[in-house]
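A.B. asks: Contents are PDB, C-alpha atoms and all ligand atoms; file name upload-v6.pdb:
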MODEL        1
ATOM      1  CA  MET A  28      18.484  -1.007   6.773
ATOM      2  CA  LEU A  29      18.055   0.975   9.996
ATOM      3  CA  THR A  30      21.369   1.843  11.647
ATOM      4  CA  ARG A  31      20.018   3.522  14.795
ATOM      5  CA  SER A  32      17.695   2.635  17.663
ATOM      6  CA  ILE A  33      13.977   3.020  17.194
ATOM      7  CA  ARG A  34      12.377   5.633  19.476
ATOM      8  CA  LYS A  35       8.810   6.085  20.710
ATOM      9  CA  ASN A  36       8.522   9.466  18.977
ATOM     10  CA  ASP A  37       9.641   8.148  15.567
ATOM     11  CA  ILE A  38       7.008   8.682  12.868
ATOM     12  CA  VAL A  39       5.621   5.368  11.599
ATOM     13  CA  ALA A  40       5.732   6.279   7.862
ATOM     14  CA  ASP A  41       9.290   7.652   8.177
ATOM     15  CA  LEU A  42      10.448   4.380   9.750
ATOM     16  CA  VAL A  43       9.152   2.406   6.744
ATOM     17  CA  VAL A  44      10.837   4.853   4.329
ATOM     18  CA  GLU A  45      14.102   4.376   6.269
ATOM     19  CA  SER A  46      13.736   0.595   6.534
ATOM     20  CA  PRO A  47      11.123  -0.898   4.143
ATOM     21  CA  ALA A  48      11.401  -4.319   5.846
ATOM     22  CA  LEU A  49       9.524  -2.800   8.827
ATOM     23  CA  ALA A  50       6.325  -2.740   6.736
ATOM     24  CA  ARG A  51       5.775  -6.412   7.466
ATOM     25  CA  VAL A  52       6.028  -5.862  11.248
ATOM     26  CA  PHE A  53       3.488  -3.023  11.108
ATOM     27  CA  GLU A  54       1.193  -5.198   8.969
ATOM     28  CA  SER A  55       1.394  -8.004  11.538
ATOM     29  CA  PHE A  56       0.050  -5.577  14.177
ATOM     30  CA  GLY A  57      -2.677  -4.286  11.821
ATOM     31  CA  ILE A  58      -1.040  -0.834  11.687
ATOM     32  CA  ASN A  59      -1.901   1.192   8.582
ATOM     33  CA  TYR A  60       1.557   2.636   7.836
ATOM     34  CA  CYS A  61       0.679   3.721   4.289
ATOM     35  CA  CYS A  62      -2.263   6.085   4.784
ATOM     36  CA  GLU A  63      -2.283   6.812   8.532
ATOM     37  CA  GLY A  64       1.442   6.624   9.186
ATOM     38  CA  ASN A  65       2.116  10.282   9.906
ATOM     39  CA  LYS A  66       2.060   9.910  13.679
ATOM     40  CA  PRO A  67       4.518   8.870  16.380
ATOM     41  CA  LEU A  68       4.968   5.221  17.231
ATOM     42  CA  ALA A  69       3.763   5.795  20.808
ATOM     43  CA  ASP A  70       0.429   7.313  19.675
ATOM     44  CA  THR A  71      -0.118   4.555  17.112
ATOM     45  CA  ALA A  72       0.574   1.823  19.683
ATOM     46  CA  TYR A  73      -1.790   3.501  22.185
ATOM     47  CA  GLU A  74      -4.618   3.706  19.610
ATOM     48  CA  LYS A  75      -4.166   0.021  18.748
ATOM     49  CA  GLY A  76      -3.936  -1.059  22.417
ATOM     50  CA  ILE A  77      -0.407  -2.398  21.866
ATOM     51  CA  ASP A  78       2.460  -2.098  24.349
ATOM     52  CA  VAL A  79       4.863   0.330  22.637
ATOM     53  CA  ASP A  80       7.970  -1.301  24.145
ATOM     54  CA  ALA A  81       6.919  -4.713  22.802
ATOM     55  CA  LEU A  82       6.296  -3.120  19.397
ATOM     56  CA  ILE A  83       9.785  -1.565  19.409
ATOM     57  CA  VAL A  84      11.330  -4.959  20.242
ATOM     58  CA  MET A  85       9.532  -6.514  17.247
ATOM     59  CA  LEU A  86      10.532  -3.616  14.992
ATOM     60  CA  ASN A  87      14.180  -4.011  15.972
ATOM     61  CA  VAL A  88      13.970  -7.707  15.044
ATOM     62  CA  GLY A  89      12.265  -6.796  11.747
ATOM     63  CA  ALA A  90      14.872  -4.141  10.943
ATOM     64  CA  THR A  91      17.814  -6.490  11.356
ATOM     65  CA  GLY A  92      16.299  -9.849  10.431
ATOM     66  CA  PRO A  93      16.005 -11.339   6.986
ATOM     67  CA  SER A  94      13.055 -10.455   4.804
ATOM     68  CA  ASP A  95      11.723 -12.611   1.994
ATOM     69  CA  ARG A  96      10.117  -9.648   0.309
ATOM     70  CA  THR A  97      12.020  -7.707  -2.340
ATOM     71  CA  VAL A  98      12.333  -4.311  -0.759
ATOM     72  CA  VAL A  99      13.538  -1.069  -2.205
ATOM     73  CA  ASN A 100      14.984   1.857  -0.315
ATOM     74  CA  PRO A 101      13.223   4.844  -1.925
ATOM     75  CA  ALA A 102      15.651   7.312  -0.381
ATOM     76  CA  SER A 103      18.402   5.905  -2.626
ATOM     77  CA  LEU A 104      16.389   6.417  -5.837
ATOM     78  CA  SER A 105      16.023   9.557  -7.955
ATOM     79  CA  THR A 106      12.444  10.618  -8.777
ATOM     80  CA  PRO A 107      12.488   8.983 -12.277
ATOM     81  CA  GLU A 108      13.986   5.793 -10.788
ATOM     82  CA  LEU A 109      11.365   5.683  -8.035
ATOM     83  CA  ILE A 110       8.569   6.170 -10.604
ATOM     84  CA  GLU A 111      10.050   3.421 -12.789
ATOM     85  CA  HIS A 112      10.136   1.058  -9.803
ATOM     86  CA  ILE A 113       6.496   1.830  -8.884
ATOM     87  CA  VAL A 114       5.289   1.252 -12.456
ATOM     88  CA  ASP A 115       7.385  -1.856 -13.192
ATOM     89  CA  SER A 116       6.720  -3.495  -9.843
ATOM     90  CA  HIS A 117       3.402  -2.400  -8.328
ATOM     91  CA  HIS A 118       1.441  -1.199 -11.386
ATOM     92  CA  ALA A 119       2.506  -4.267 -13.387
ATOM     93  CA  TYR A 120       1.428  -6.483 -10.470
ATOM     94  CA  LEU A 121      -2.029  -4.853 -10.374
ATOM     95  CA  ARG A 122      -2.542  -5.114 -14.149
ATOM     96  CA  ARG A 123      -1.639  -8.805 -13.960
ATOM     97  CA  GLU A 124      -3.608  -9.699 -10.813
ATOM     98  CA  LEU A 125      -6.754  -7.538 -10.801
ATOM     99  CA  PRO A 126      -8.642  -9.613 -13.414
ATOM    100  CA  ARG A 127      -7.723 -12.805 -11.516
ATOM    101  CA  LEU A 128      -8.818 -11.347  -8.157
ATOM    102  CA  VAL A 129     -12.168 -10.231  -9.579
ATOM    103  CA  GLU A 130     -12.734 -13.653 -11.147
ATOM    104  CA  LEU A 131     -11.693 -15.643  -8.042
ATOM    105  CA  THR A 132     -13.850 -13.608  -5.650
ATOM    106  CA  ARG A 133     -16.832 -13.837  -8.049
ATOM    107  CA  LYS A 134     -16.454 -17.623  -8.367
ATOM    108  CA  VAL A 135     -16.133 -18.205  -4.606
ATOM    109  CA  ALA A 136     -19.145 -15.976  -3.877
ATOM    110  CA  SER A 137     -21.307 -17.811  -6.385
ATOM    111  CA  SER A 138     -20.241 -21.247  -5.049
ATOM    112  CA  HIS A 139     -20.143 -20.496  -1.302
ATOM    113  CA  GLY A 140     -22.176 -17.322  -0.748
ATOM    114  CA  ASP A 141     -24.928 -19.430   0.845
ATOM    115  CA  GLU A 142     -22.456 -20.672   3.484
ATOM    116  CA  ASP A 143     -21.042 -17.195   4.235
ATOM    117  CA  SER A 144     -22.909 -14.186   2.823
ATOM    118  CA  ARG A 145     -19.863 -11.958   3.455
ATOM    119  CA  LEU A 146     -18.354 -13.536   0.312
ATOM    120  CA  TYR A 147     -20.787 -11.431  -1.785
ATOM    121  CA  GLU A 148     -19.390  -8.317  -0.112
ATOM    122  CA  VAL A 149     -15.840  -9.519  -0.858
ATOM    123  CA  ALA A 150     -16.697  -9.988  -4.566
ATOM    124  CA  ASP A 151     -18.504  -6.620  -4.826
ATOM    125  CA  THR A 152     -15.713  -4.773  -3.007
ATOM    126  CA  MET A 153     -13.064  -6.371  -5.228
ATOM    127  CA  ALA A 154     -14.944  -5.574  -8.473
ATOM    128  CA  HIS A 155     -15.446  -1.949  -7.433
ATOM    129  CA  LEU A 156     -11.847  -1.599  -6.226
ATOM    130  CA  ALA A 157     -10.451  -3.062  -9.463
ATOM    131  CA  ALA A 158     -12.322  -0.449 -11.538
ATOM    132  CA  GLU A 159     -11.178   2.373  -9.242
ATOM    133  CA  LEU A 160      -7.570   1.199  -9.281
ATOM    134  CA  ARG A 161      -7.446   0.940 -13.088
ATOM    135  CA  SER A 162      -8.499   4.563 -13.415
ATOM    136  CA  HIS A 163      -6.091   5.574 -10.607
ATOM    137  CA  LEU A 164      -3.146   3.938 -12.429
ATOM    138  CA  GLU A 165      -4.106   5.737 -15.661
ATOM    139  CA  THR A 166      -4.054   9.122 -13.921
ATOM    140  CA  GLU A 167      -0.654   8.431 -12.391
ATOM    141  CA  GLU A 168       0.945   7.011 -15.543
ATOM    142  CA  ASN A 169      -0.580   9.388 -18.100
ATOM    143  CA  GLU A 170      -0.667  12.647 -16.163
ATOM    144  CA  LEU A 171       1.357  12.903 -12.968
ATOM    145  CA  PHE A 172       4.365  10.649 -13.531
ATOM    146  CA  PRO A 173       5.328  12.006 -17.001
ATOM    147  CA  ALA A 174       5.189  15.571 -15.626
ATOM    148  CA  LEU A 175       7.413  14.615 -12.695
ATOM    149  CA  THR A 176       9.896  12.768 -14.904
ATOM    150  CA  ARG A 177      10.004  15.716 -17.349
ATOM    151  CA  GLY A 178      10.567  18.120 -14.448
ATOM    152  CA  ALA A 179      13.445  16.041 -13.103
ATOM    153  CA  ASP A 180      14.990  15.594 -16.603
ATOM    154  CA  ASP A 181      14.774  19.336 -17.340
ATOM    155  CA  GLY A 182      16.568  20.077 -14.098
ATOM    156  CA  ARG A 183      13.669  22.334 -13.150
ATOM    157  CA  CYS A 184      13.498  20.608  -9.820
ATOM    158  CA  SER A 185      15.820  18.602  -7.660
ATOM    159  CA  ASP A 186      14.930  15.120  -6.445
ATOM    160  CA  ASP A 187      14.099  16.629  -3.070
ATOM    161  CA  ASN A 188      11.601  19.188  -4.281
ATOM    162  CA  CYS A 189      10.576  17.884  -7.685
ATOM    163  CA  ALA A 190       7.836  19.928  -9.393
ATOM    164  CA  ARG A 191       7.481  22.433  -6.573
ATOM    165  CA  ASP A 192       9.178  25.033  -8.780
ATOM    166  CA  ALA A 193       7.617  23.903 -12.042
ATOM    167  CA  GLY A 194       5.604  27.088 -12.611
ATOM    168  CA  ASP A 195       1.840  26.806 -13.040
ATOM    169  CA  GLY A 196       2.149  23.025 -13.440
ATOM    170  CA  GLY A 197       3.270  22.777  -9.811
ATOM    171  CA  GLY A 198      -0.149  23.878  -8.532
ATOM    172  CA  VAL A 199      -1.974  21.472 -10.836
ATOM    173  CA  GLN A 200       0.277  18.632  -9.689
ATOM    174  CA  THR A 201      -0.272  19.462  -6.010
ATOM    175  CA  THR A 202      -4.047  19.332  -6.578
ATOM    176  CA  MET A 203      -3.719  16.019  -8.436
ATOM    177  CA  VAL A 204      -1.608  14.581  -5.618
ATOM    178  CA  GLY A 205      -4.295  15.588  -3.087
ATOM    179  CA  GLN A 206      -6.879  13.683  -5.156
ATOM    180  CA  LEU A 207      -4.608  10.620  -5.479
ATOM    181  CA  ILE A 208      -3.978  10.586  -1.704
ATOM    182  CA  ALA A 209      -7.750  10.717  -1.112
ATOM    183  CA  GLU A 210      -8.136   7.731  -3.477
ATOM    184  CA  HIS A 211      -5.421   5.857  -1.541
ATOM    185  CA  ARG A 212      -7.455   6.431   1.642
ATOM    186  CA  GLU A 213     -10.541   4.950  -0.061
ATOM    187  CA  THR A 214      -8.446   1.981  -1.203
ATOM    188  CA  ALA A 215      -7.121   1.455   2.346
ATOM    189  CA  ASN A 216     -10.733   1.458   3.632
ATOM    190  CA  ALA A 217     -11.692  -1.155   1.019
ATOM    191  CA  LEU A 218      -8.673  -3.291   2.018
ATOM    192  CA  GLU A 219      -9.881  -3.138   5.626
ATOM    193  CA  ARG A 220     -13.346  -4.307   4.538
ATOM    194  CA  LEU A 221     -11.764  -7.262   2.675
ATOM    195  CA  ARG A 222      -9.671  -8.165   5.744
ATOM    196  CA  THR A 223     -12.691  -8.000   8.054
ATOM    197  CA  ALA A 224     -14.982  -9.985   5.731
ATOM    198  CA  THR A 225     -12.380 -12.775   5.448
ATOM    199  CA  ASP A 226     -11.533 -12.825   9.189
ATOM    200  CA  GLU A 227      -7.999 -11.565   8.378
ATOM    201  CA  PHE A 228      -7.624 -14.068   5.494
ATOM    202  CA  THR A 229      -8.494 -17.092   7.666
ATOM    203  CA  LEU A 230      -9.485 -20.313   5.876
ATOM    204  CA  PRO A 231     -12.763 -21.902   7.050
ATOM    205  CA  ASP A 232     -12.743 -25.699   7.573
ATOM    206  CA  TRP A 233     -14.809 -26.245   4.441
ATOM    207  CA  ALA A 234     -12.603 -24.148   2.118
ATOM    208  CA  CYS A 235     -12.091 -25.611  -1.362
ATOM    209  CA  ASN A 236      -8.995 -25.051  -3.490
ATOM    210  CA  THR A 237     -10.502 -22.024  -5.234
ATOM    211  CA  TYR A 238     -11.228 -20.514  -1.820
ATOM    212  CA  ARG A 239      -7.606 -21.144  -0.788
ATOM    213  CA  ALA A 240      -6.333 -19.530  -3.982
ATOM    214  CA  MET A 241      -8.641 -16.533  -3.417
ATOM    215  CA  LEU A 242      -7.438 -15.940   0.160
ATOM    216  CA  ALA A 243      -3.765 -16.249  -0.821
ATOM    217  CA  ALA A 244      -4.324 -13.818  -3.707
ATOM    218  CA  LEU A 245      -6.223 -11.346  -1.490
ATOM    219  CA  GLU A 246      -3.514 -11.410   1.169
ATOM    220  CA  GLU A 247      -0.801 -10.770  -1.418
ATOM    221  CA  PHE A 248      -2.923  -7.966  -2.935
ATOM    222  CA  ASP A 249      -3.328  -6.388   0.520
ATOM    223  CA  GLU A 250       0.428  -6.502   1.181
ATOM    224  CA  ASP A 251       1.498  -5.245  -2.246
ATOM    225  CA  THR A 252      -1.066  -2.439  -2.359
ATOM    226  CA  ARG A 253      -0.123  -1.125   1.093
ATOM    227  CA  ALA A 254       3.566  -1.127   0.089
ATOM    228  CA  HIS A 255       2.653   0.613  -3.195
ATOM    229  CA  MET A 256       0.589   3.365  -1.515
ATOM    230  CA  HIS A 257       3.287   3.829   1.110
ATOM    231  CA  LEU A 258       5.928   4.504  -1.568
ATOM    232  CA  GLU A 259       3.702   7.099  -3.234
ATOM    233  CA  ASN A 260       2.281   8.758  -0.078
ATOM    234  CA  ASN A 261       5.434   8.834   2.000
ATOM    235  CA  ALA A 262       8.352   8.794  -0.481
ATOM    236  CA  LEU A 263       7.253  10.157  -3.899
ATOM    237  CA  PHE A 264       4.487  12.678  -3.182
ATOM    238  CA  PRO A 265       6.322  14.520  -0.377
ATOM    239  CA  ARG A 266       8.920  15.497  -3.013
ATOM    240  CA  ILE A 267       6.127  17.509  -4.684
ATOM    241  CA  ALA A 268       3.889  18.753  -1.915
ATOM    242  CA  ARG A 269       6.418  19.907   0.666
TER     243      ARG A 269
HETATM  244 FE    FE B 301       0.592   3.880  -8.154
HETATM  245 FE    FE B 302      -1.409   5.621  -6.245
ENDMDL
END
Can you give me the file's structure in the form of structure tokens?
C.D. replies:
Amino acid sequence: MLTRSIRKNDIVADLVVESPALARVFESFGINYCCEGNKPLADTAYEKGIDVDALIVMLNVGATGPSDRTVVNPASLSTPELIEHIVDSHHAYLRRELPRLVELTRKVASSHGDEDSRLYEVADTMAHLAAELRSHLETEENELFPALTRGADDGRCSDDNCARDAGDGGGVQTTMVGQLIAEHRETANALERLRTATDEFTLPDWACNTYRAMLAALEEFDEDTRAHMHLENNALFPRIAR
């Protein structure tokens, strides 16, 4: 919950860390807060051709209004708690949904690819992304997260600068984080391709029930994955790389 007024020079990613409910407002304006959020609100609005004052009005409504999404304030969590939340919420969601997303997009492309050839691109993008994400989750869960949790448990690092002082391991972790951030950027680009190819998840008149299920699943995947990458890029990783 944000307890102050939003200013034009506030950094987009910091606003979502302070008030996670704002993610939905940024999403509604097509603003990539997870991977390109390290710039002031005014610059972001200018690049998107949005009136910054109107954006601030909507953000104030979003910060105080109800949200139907379960949000977590990462600033209130220790590093092990934040990691546990990411794994139990976002990684579990991906493990559950990725096979379904691949299957739904494949089915819709094979049934309706003749009506809209972009559906083949949707299926190919989703299949490729699912493989990339599975390997990404393995790296986080088997390599980076255990090292960070061990560092916090050993008291070798505080929650604010976890792993920075962890000896040689600190350098390795910083390199790994750089690679993971680059993979997040690739994922964000793939999400943009999915949005564009589905006209921002718009149903065509002739959509069947499988098509409807696919679009709903893709939209949820887009929202969850942006929130997931935001938590890692802007809340967890800065505790290491600062
Ligand atoms: Fe993750
Ligand atoms: Fe990640």
A.B. asks: Residues within 8 Å of stretch 45-53 of chain A, please, as a list in words. Count all atoms listed in the file; anything in the same chain fewer than 2 positions from it doesn't count.
C.D. replies: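 Counting only the stated atoms, we get Met28, Leu29, Asp41, Leu42, Val43, Ser55, Phe56, Gly57, Ile58, Asn59, Tyr60, Met85, Leu86, Gly89, Ala90, Ser94, Arg96, Val98, Val99, Asn100, Ala102 and Ala254 of chain A.
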A.B. asks: Got a sec to resolve the PyMOL selection byres (((chain A and resi 242) around 8) and not hetatm) on this structure and send the residues as a list of chain:residue names?
C.D. replies: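 Checking the PyMOL selection byres (((chain A and resi 242) around 8) and not hetatm) against this file, the residues are A:Thr225, A:Phe228, A:Thr229, A:Leu230, A:Tyr238, A:Arg239, A:Ala240, A:Met241, A:Ala243, A:Ala244, A:Leu245, A:Glu246.
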A.B. asks: Rank nothing, just name the residue among A:Glu159, A:Asp37, A:Glu167, A:Asp232 nearest to ligand FE 301 (chain B), using all atoms listed in the file.
C.D. replies: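 The closest residue to ligand FE 301 (chain B) is A:Glu167.
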A.B. asks: Using the chain letters and residue numbers of this document, give as a list in words the residues selected by the PyMOL selection byres (((chain A and resi 152) around 10) and not hetatm).
C.D. replies: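 With the shown file as input, the PyMOL selection byres (((chain A and resi 152) around 10) and not hetatm) matches Val129, Thr132, Leu146, Tyr147, Glu148, Val149, Ala150, Asp151, Met153, Ala154, His155, Leu156, Ala157, Ala217, Leu218, Arg220 and Leu221 of chain A.
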A.B. asks: Could you tell me how far atom CA of A:Ala262 sits from atom CA of A:Leu68, in Å to one decimal place?
C.D. replies: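 We find that atom CA of A:Leu68 and atom CA of A:Ala262 lie 18.4 Å from each other.
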A.B. asks: Could you give me the residues within 7 Å of ligand FE 301 (chain B), counting all atoms listed in the file, as a PyMOL selection string?
C.D. replies: chain A and resi 113-114+117-118+164+167+255-256+259
A.B. asks: Quick one: write out the picked residues with C-alpha atoms as a compact mmCIF listing (two decimals), in the frame of the given file?
C.D. replies:
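The resulting file, out_17.txt, is reproduced below:
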# COMPACT_ATOMS: atom_id res chain seq x y z
CA ILE A 113 6.50 1.83 -8.88
CA VAL A 114 5.29 1.25 -12.46
CA HIS A 117 3.40 -2.40 -8.33
CA HIS A 118 1.44 -1.20 -11.39
CA LEU A 164 -3.15 3.94 -12.43
CA GLU A 167 -0.65 8.43 -12.39
CA HIS A 255 2.65 0.61 -3.20
CA MET A 256 0.59 3.36 -1.52
CA GLU A 259 3.70 7.10 -3.23
A.B. asks: Taking only C-alpha atoms and all ligand atoms into account, report as a ChimeraX atom specification which residues have an atom no farther than 12 Å from an atom of ligand FE 302 (chain B).
C.D. replies: /A:61-62,110,113-114,117-118,121,159-168,171-172,203-215,251-264
A.B. asks: Could you work out how far atom CA of A:Asp249 lies from atom CA of A:Asn65, giving the answer in Å with one decimal?
C.D. replies: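 So the two atoms, atom CA of A:Asn65 and atom CA of A:Asp249, lie 19.9 Å apart.
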A.B. asks: Around stretch 156-171 of chain A, with edges along x, y and z and 3 Å added on all six sides, what centre and edge lengths do you get, in Å to one decimal, as JSON?
C.D. replies:
{"center_x": -5.5, "center_y": 4.9, "center_z": -12.2, "size_x": 19.7, "size_y": 22.0, "size_z": 17.9}
